[in-house]
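J.: For reference, the file model-v9.cif (mmCIF, C-alpha atoms) is included below:
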```cif
data_data
loop_
_atom_site.label_atom_id
_atom_site.label_comp_id
_atom_site.auth_asym_id
_atom_site.auth_seq_id
_atom_site.Cartn_x
_atom_site.Cartn_y
_atom_site.Cartn_z
CA ALA A 1 9.10 29.27 -7.04
CA LEU A 2 9.48 26.49 -9.61
CA VAL A 3 11.01 28.91 -12.10
CA GLU A 4 13.38 30.31 -9.48
CA GLN A 5 14.60 26.89 -8.34
CA ALA A 6 15.01 25.58 -11.87
CA LYS A 7 16.90 28.75 -12.89
CA VAL A 8 15.47 28.45 -16.39
CA ASN A 9 14.80 31.42 -18.59
CA VAL A 10 11.07 31.16 -19.23
CA THR A 11 11.36 33.07 -22.49
CA THR A 12 13.17 30.09 -24.03
CA CYS A 13 10.10 27.94 -23.49
CA THR A 14 8.42 28.76 -26.79
CA LEU A 15 7.38 25.33 -28.03
CA THR A 16 4.39 24.33 -25.94
CA LEU A 17 3.27 24.72 -22.39
CA GLU A 18 3.81 20.98 -21.79
CA ALA A 19 7.35 21.06 -23.17
CA CYS A 20 8.11 24.15 -21.13
CA THR A 21 6.72 22.56 -17.97
CA LEU A 22 8.67 19.37 -18.57
CA SER A 23 11.85 21.36 -19.20
CA LEU A 24 11.38 23.22 -15.94
CA LEU A 25 10.69 20.01 -14.01
CA VAL A 26 13.77 18.27 -15.42
CA ALA A 27 15.86 21.34 -14.56
CA LEU A 28 14.48 21.17 -11.03
CA LEU A 29 15.43 17.48 -10.84
CA ARG A 30 18.95 18.47 -11.86
CA THR A 31 19.59 21.50 -9.66
CA GLY A 32 16.78 21.84 -7.13
CA THR A 33 16.77 21.36 -3.40
CA GLU A 34 16.00 17.89 -2.09
CA GLU A 35 12.38 18.93 -1.57
CA GLY A 36 12.27 20.48 -5.04
CA LYS A 37 13.62 17.28 -6.61
CA ALA A 38 11.05 15.16 -4.77
CA ASN A 39 8.26 17.49 -5.87
CA ALA A 40 9.50 17.55 -9.47
CA ALA A 41 9.52 13.74 -9.55
CA GLU A 42 5.99 13.69 -8.18
CA VAL A 43 4.73 16.01 -10.92
CA ILE A 44 6.63 14.09 -13.62
CA GLY A 45 4.87 10.99 -12.27
CA MET A 46 1.53 12.69 -12.79
CA LEU A 47 2.55 13.50 -16.36
CA ALA A 48 3.81 9.95 -16.96
CA ASP A 49 0.36 8.62 -16.17
CA ASP A 50 -0.47 9.67 -19.74
CA GLU A 51 1.24 7.34 -22.22
CA SER A 52 1.80 10.16 -24.70
CA THR A 53 4.12 11.96 -22.26
CA ARG A 54 6.46 9.06 -21.57
CA ALA A 55 8.69 9.46 -24.63
CA PRO A 56 9.04 13.24 -24.09
CA ILE A 57 9.98 12.57 -20.45
CA LEU A 58 12.82 10.31 -21.58
CA GLU A 59 13.83 12.70 -24.36
CA ALA A 60 14.02 15.54 -21.86
CA GLY A 61 16.70 13.62 -19.95
CA ALA A 62 14.67 12.77 -16.87
CA LEU A 63 15.72 9.11 -16.56
CA PRO A 64 19.32 9.58 -15.32
CA LEU A 65 18.12 12.27 -12.94
CA LEU A 66 15.40 9.97 -11.58
CA VAL A 67 18.01 7.24 -11.08
CA ALA A 68 20.22 9.77 -9.26
CA LEU A 69 17.24 10.62 -7.05
CA LEU A 70 16.76 6.90 -6.34
CA ARG A 71 20.41 6.73 -5.31
CA ALA A 72 20.70 9.81 -3.12
CA GLY A 73 17.34 11.49 -2.61
CA THR A 74 15.16 11.81 0.43
CA GLU A 75 12.82 8.92 1.20
CA GLU A 76 10.00 10.86 -0.46
CA GLY A 77 12.19 11.61 -3.47
CA LYS A 78 13.20 7.97 -3.82
CA ALA A 79 9.58 6.81 -3.59
CA ASN A 80 8.50 9.38 -6.19
CA ALA A 81 11.36 8.43 -8.52
CA ALA A 82 10.47 4.73 -8.23
CA GLU A 83 6.86 5.55 -9.08
CA VAL A 84 7.86 7.43 -12.24
CA ILE A 85 10.26 4.67 -13.28
CA GLY A 86 7.45 2.15 -12.86
CA MET A 87 5.18 4.23 -15.06
CA LEU A 88 7.88 4.62 -17.69
CA ALA A 89 8.54 0.87 -17.58
CA ASP A 90 4.93 0.26 -18.58
CA ASP A 91 6.18 0.88 -22.14
CA GLU A 92 8.24 -1.98 -23.51
CA SER A 93 10.63 0.37 -25.30
CA THR A 94 11.71 2.03 -22.05
CA ARG A 95 12.62 -1.08 -20.06
CA ALA A 96 16.11 -1.57 -21.50
CA PRO A 97 17.09 2.08 -20.99
CA ILE A 98 15.85 1.87 -17.40
CA LEU A 99 18.05 -1.16 -16.72
CA GLU A 100 21.00 0.42 -18.55
CA ALA A 101 20.63 3.53 -16.37
CA GLY A 102 21.21 1.37 -13.29
CA ALA A 103 17.73 1.62 -11.77
CA LEU A 104 17.28 -2.08 -10.88
CA PRO A 105 19.77 -2.38 -7.98
CA LEU A 106 18.43 0.87 -6.56
CA LEU A 107 14.83 -0.38 -6.76
CA VAL A 108 15.87 -3.56 -4.96
CA ALA A 109 17.62 -1.43 -2.32
CA LEU A 110 14.36 0.47 -1.89
CA LEU A 111 12.55 -2.83 -1.28
CA ARG A 112 15.15 -3.62 1.40
CA ALA A 113 15.00 -0.34 3.32
CA SER A 114 12.49 2.36 2.61
CA THR A 115 9.11 3.71 3.58
CA GLU A 116 6.06 1.62 2.84
CA GLN A 117 5.34 3.90 -0.15
CA GLY A 118 8.88 3.46 -1.40
CA LYS A 119 8.64 -0.32 -1.15
CA GLU A 120 5.28 -0.34 -2.92
CA ASN A 121 6.54 1.86 -5.75
CA ALA A 122 9.72 -0.20 -6.11
CA ALA A 123 7.67 -3.41 -6.33
CA ASP A 124 5.42 -1.82 -8.97
CA ALA A 125 8.46 -0.79 -11.03
CA ILE A 126 10.00 -4.26 -10.71
CA ALA A 127 6.70 -5.83 -11.82
CA GLU A 128 6.77 -3.70 -14.98
CA LEU A 129 10.44 -4.49 -15.65
CA ALA A 130 9.69 -8.21 -15.19
CA SER A 131 7.24 -8.05 -18.08
CA ASP A 132 10.24 -8.68 -20.35
CA PRO A 133 11.51 -12.26 -20.03
CA PRO A 134 15.25 -11.35 -20.20
CA ASN A 135 14.84 -8.93 -17.29
CA ARG A 136 13.56 -11.63 -14.95
CA THR A 137 17.00 -13.18 -14.62
CA PHE A 138 18.49 -9.79 -13.69
CA ILE A 139 15.73 -9.17 -11.15
CA LEU A 140 16.25 -12.54 -9.50
CA GLY A 141 20.03 -12.04 -9.62
CA GLU A 142 19.67 -8.74 -7.73
CA GLY A 143 17.95 -10.60 -4.88
CA ALA A 144 14.50 -9.07 -5.33
CA LEU A 145 12.48 -12.24 -4.72
CA PRO A 146 13.04 -12.62 -0.94
CA LEU A 147 12.35 -8.91 -0.48
CA LEU A 148 9.14 -9.16 -2.49
CA VAL A 149 8.06 -12.16 -0.39
CA ALA A 150 8.78 -10.18 2.78
CA LEU A 151 6.63 -7.33 1.45
CA LEU A 152 3.91 -9.84 0.56
CA ARG A 153 3.95 -11.07 4.15
CA ALA A 154 4.26 -7.85 6.10
CA GLY A 155 3.57 -4.88 3.87
CA THR A 156 0.56 -2.61 3.68
CA GLU A 157 -2.37 -3.85 1.61
CA GLU A 158 -1.09 -1.82 -1.34
CA GLY A 159 2.44 -3.12 -0.78
CA LYS A 160 1.19 -6.70 -0.69
CA ALA A 161 -0.69 -6.17 -3.95
CA SER A 162 2.41 -4.66 -5.58
CA ALA A 163 4.59 -7.54 -4.35
CA ALA A 164 2.08 -10.10 -5.63
CA ASP A 165 2.07 -8.37 -9.03
CA ALA A 166 5.87 -8.44 -9.20
CA ILE A 167 6.04 -12.09 -8.11
CA GLY A 168 3.36 -12.89 -10.67
CA SER A 169 5.43 -11.23 -13.40
CA LEU A 170 8.46 -13.27 -12.35
CA ALA A 171 6.36 -16.47 -12.34
CA HIS A 172 6.04 -16.31 -16.13
CA ASP A 173 9.60 -17.62 -16.23
CA PRO A 174 9.63 -21.41 -15.62
CA PRO A 175 12.97 -21.46 -13.72
CA ALA A 176 11.67 -18.67 -11.46
CA ARG A 177 8.63 -20.71 -10.48
CA ALA A 178 10.67 -23.16 -8.43
CA LEU A 179 12.42 -20.28 -6.69
CA ILE A 180 9.06 -18.69 -5.92
CA VAL A 181 7.80 -21.92 -4.34
CA GLU A 182 11.05 -22.33 -2.38
CA SER A 183 10.83 -18.74 -1.15
CA GLY A 184 7.59 -19.43 0.69
CA ALA A 185 5.49 -17.10 -1.44
CA LEU A 186 2.71 -19.69 -1.63
#
```
What does the file become when written as structure tokens?
T.:
Amino acid sequence: ALVEQAKVNVTTCTLTLEACTLSLLVALLRTGTEEGKANAAEVIGMLADDESTRAPILEAGALPLLVALLRAGTEEGKANAAEVIGMLADDESTRAPILEAGALPLLVALLRASTEQGKENAADAIAELASDPPNRTFILGEGALPLLVALLRAGTEEGKASAADAIGSLAHDPPARALIVESGAL
């Protein structure tokens, strides 16, 4: 079914099984059904758990497709895309491309209105992006802090932990500390 949905000629996948699989998954992100896109993002997330696969995921062109899924996917697709983006953002070299691709406002939108899983994954991704000091200003400017505080107050246990991690990442920036105190996070 994956091969059919991706409409990829399997005979062109001669490099390695991993490269072939990634190529098929990225093709499914591009042209699959909504369910297929959500499933492809989920599997790419499993692959991204291994640091050695993160660069190939970006090289395969998955990032703009994941951002498109964040923008217009199903709730499951958006949550899965946010999870993958968070995993990719674990690597310092990927954070700028993630911001340049327009993921931040979409992650903040997910914090505002999504499933609990979507909010948790968005908070995780924001925490990783906030590891870089210049990104903290962008994150605060997008209005993430009040949404993270709301998740800290009323989210699931996992959502609260994710929100606390993101707020903690923002707290490394001295100007953000006053905003965190004012927001009622303490």
J.: Can you tell me how far CA of Leu152 in chain A sits from CA of Ala164 in chain A, in Å to one decimal?
T.: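 If I compute the distance from CA of Leu152 in chain A to CA of Ala164 in chain A, I get 6.5 Å.
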J.: I'd like a table as a Markdown table: residues in range 141-174 of chain A with an atom no more than 7 Å from range 120-136 of chain A, each row giving the shortest atom pair and its distance in Å to one decimal, only C-alpha atoms counted, sorted by chain and rising residue number.
T.:
```
| residue | atom | partner | partner_atom | distance |
| --- | --- | --- | --- | --- |
| A:Glu158 | CA | A:Glu120 | CA | 6.7 |
| A:Gly159 | CA | A:Glu120 | CA | 4.5 |
| A:Ser162 | CA | A:Asp124 | CA | 5.3 |
| A:Ala163 | CA | A:Ala123 | CA | 5.5 |
| A:Asp165 | CA | A:Ala127 | CA | 6.0 |
| A:Ala166 | CA | A:Ala127 | CA | 3.8 |
| A:Ser169 | CA | A:Ala130 | CA | 5.5 |
| A:Leu170 | CA | A:Ala130 | CA | 5.9 |
| A:Asp173 | CA | A:Pro133 | CA | 6.8 |
```
J.: Tell me which protein, DNA and RNA residues are within 10 Å of Glu142 in chain A, counting all atoms listed in the file, leaving out same-chain ones fewer than 5 positions away, and put them as a PyMOL selection string.
T.: chain A and resi 104-109+136-137
J.: Pull out every residue that the PyMOL selection byres ((chain A and resi 101) around 12) matches in the shown coordinates and put them as number ranges by chain.
T.: A: 58, 61-68, 70-71, 85, 94-100, 102-107
J.: Nearest to Asp50 in chain A among A:Leu88, A:Leu186, A:Ile167, A:Val181, with distances taken over only C-alpha atoms: which residue is it?
T.: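 Using only C-alpha atoms, the shortest distance to Asp50 in chain A belongs to A:Leu88.
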J.: Separation of CA of Ile44 in chain A and CA of Lys119 in chain A, in Å?
T.: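 Answer for the CA of Ile44 in chain A to CA of Lys119 in chain A separation: 19.2 Å.
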J.: Would you compute the distance between CA of Phe138 in chain A and CA of Lys160 in chain A? Give it in Å to one decimal.
T.: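 These atoms are spaced 21.9 Å apart.
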J.: Quick one: 3 Å padding each side, axis-aligned, all listed atoms of range 90-101 of chain A - centre and edge lengths in Å to one decimal, as lines of an AutoDock Vina configuration file?
T.:
```
center_x = 13.0
center_y = 0.8
center_z = -20.8
size_x = 22.1
size_y = 11.5
size_z = 14.9
```
J.: Excluding Asn80 in chain A and residues on its chain fewer than 6 positions from it, collect all residues at most 7 Å away from it, counting only C-alpha atoms, and give them as a list in words.
T.: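 Skipping anything fewer than 6 positions along the chain leaves Ala38, Ala41 and Glu42 of chain A.
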J.: Restricting it to C-alpha atoms, dump the selection as a PDB file, keeping the file's coordinate frame.
T.:
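Wrote out_2.pdb, looks like this:
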```pdb
ATOM      1  CA  ALA A  38      11.050  15.160  -4.770  1.00  0.00           C
ATOM      2  CA  ALA A  41       9.520  13.740  -9.550  1.00  0.00           C
ATOM      3  CA  GLU A  42       5.990  13.690  -8.180  1.00  0.00           C
TER       4      GLU A  42
END
```
J.: When the PyMOL selection byres ((chain A and resi 55) around 12) is applied to the file above, which residues end up in the set, as a compact mmCIF listing (two decimals) with C-alpha atoms, in the frame of the given file?
T.:
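Output file part.txt is given in full below:
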```txt
# COMPACT_ATOMS: atom_id res chain seq x y z
CA ALA A 19 7.35 21.06 -23.17
CA LEU A 22 8.67 19.37 -18.57
CA LEU A 47 2.55 13.50 -16.36
CA ALA A 48 3.81 9.95 -16.96
CA ASP A 49 0.36 8.62 -16.17
CA ASP A 50 -0.47 9.67 -19.74
CA GLU A 51 1.24 7.34 -22.22
CA SER A 52 1.80 10.16 -24.70
CA THR A 53 4.12 11.96 -22.26
CA ARG A 54 6.46 9.06 -21.57
CA PRO A 56 9.04 13.24 -24.09
CA ILE A 57 9.98 12.57 -20.45
CA LEU A 58 12.82 10.31 -21.58
CA GLU A 59 13.83 12.70 -24.36
CA ALA A 60 14.02 15.54 -21.86
CA GLY A 61 16.70 13.62 -19.95
CA ALA A 62 14.67 12.77 -16.87
CA LEU A 63 15.72 9.11 -16.56
CA MET A 87 5.18 4.23 -15.06
CA LEU A 88 7.88 4.62 -17.69
CA ALA A 89 8.54 0.87 -17.58
CA ASP A 90 4.93 0.26 -18.58
CA ASP A 91 6.18 0.88 -22.14
CA GLU A 92 8.24 -1.98 -23.51
CA SER A 93 10.63 0.37 -25.30
CA THR A 94 11.71 2.03 -22.05
CA PRO A 97 17.09 2.08 -20.99
```
J.: I'd like the contact shell of range 143-150 of chain A - 7 Å cut-off, only C-alpha atoms, skipping same-chain residues fewer than 3 positions apart - returned as a list in words.
T.: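 The residues satisfying every condition are Val108, Leu111, Arg112, Ile139, Leu140, Arg153, Ala154, Ala163, Ser183 and Ala185 of chain A.
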J.: Pick the closest to Ala79 in chain A from A:Leu29, A:Val43, A:Leu24, A:Gln117: which is it, counting only C-alpha atoms?
T.: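 Closest to Ala79 in chain A, using only C-alpha atoms: A:Gln117.
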J.: For the structure provided, state which residues fall under the PyMOL selection byres ((chain A and resi 35) around 12), and present them as a PyMOL selection string.
T.: chain A and resi 2+5+28-29+31-34+36-42+69+73-78+80
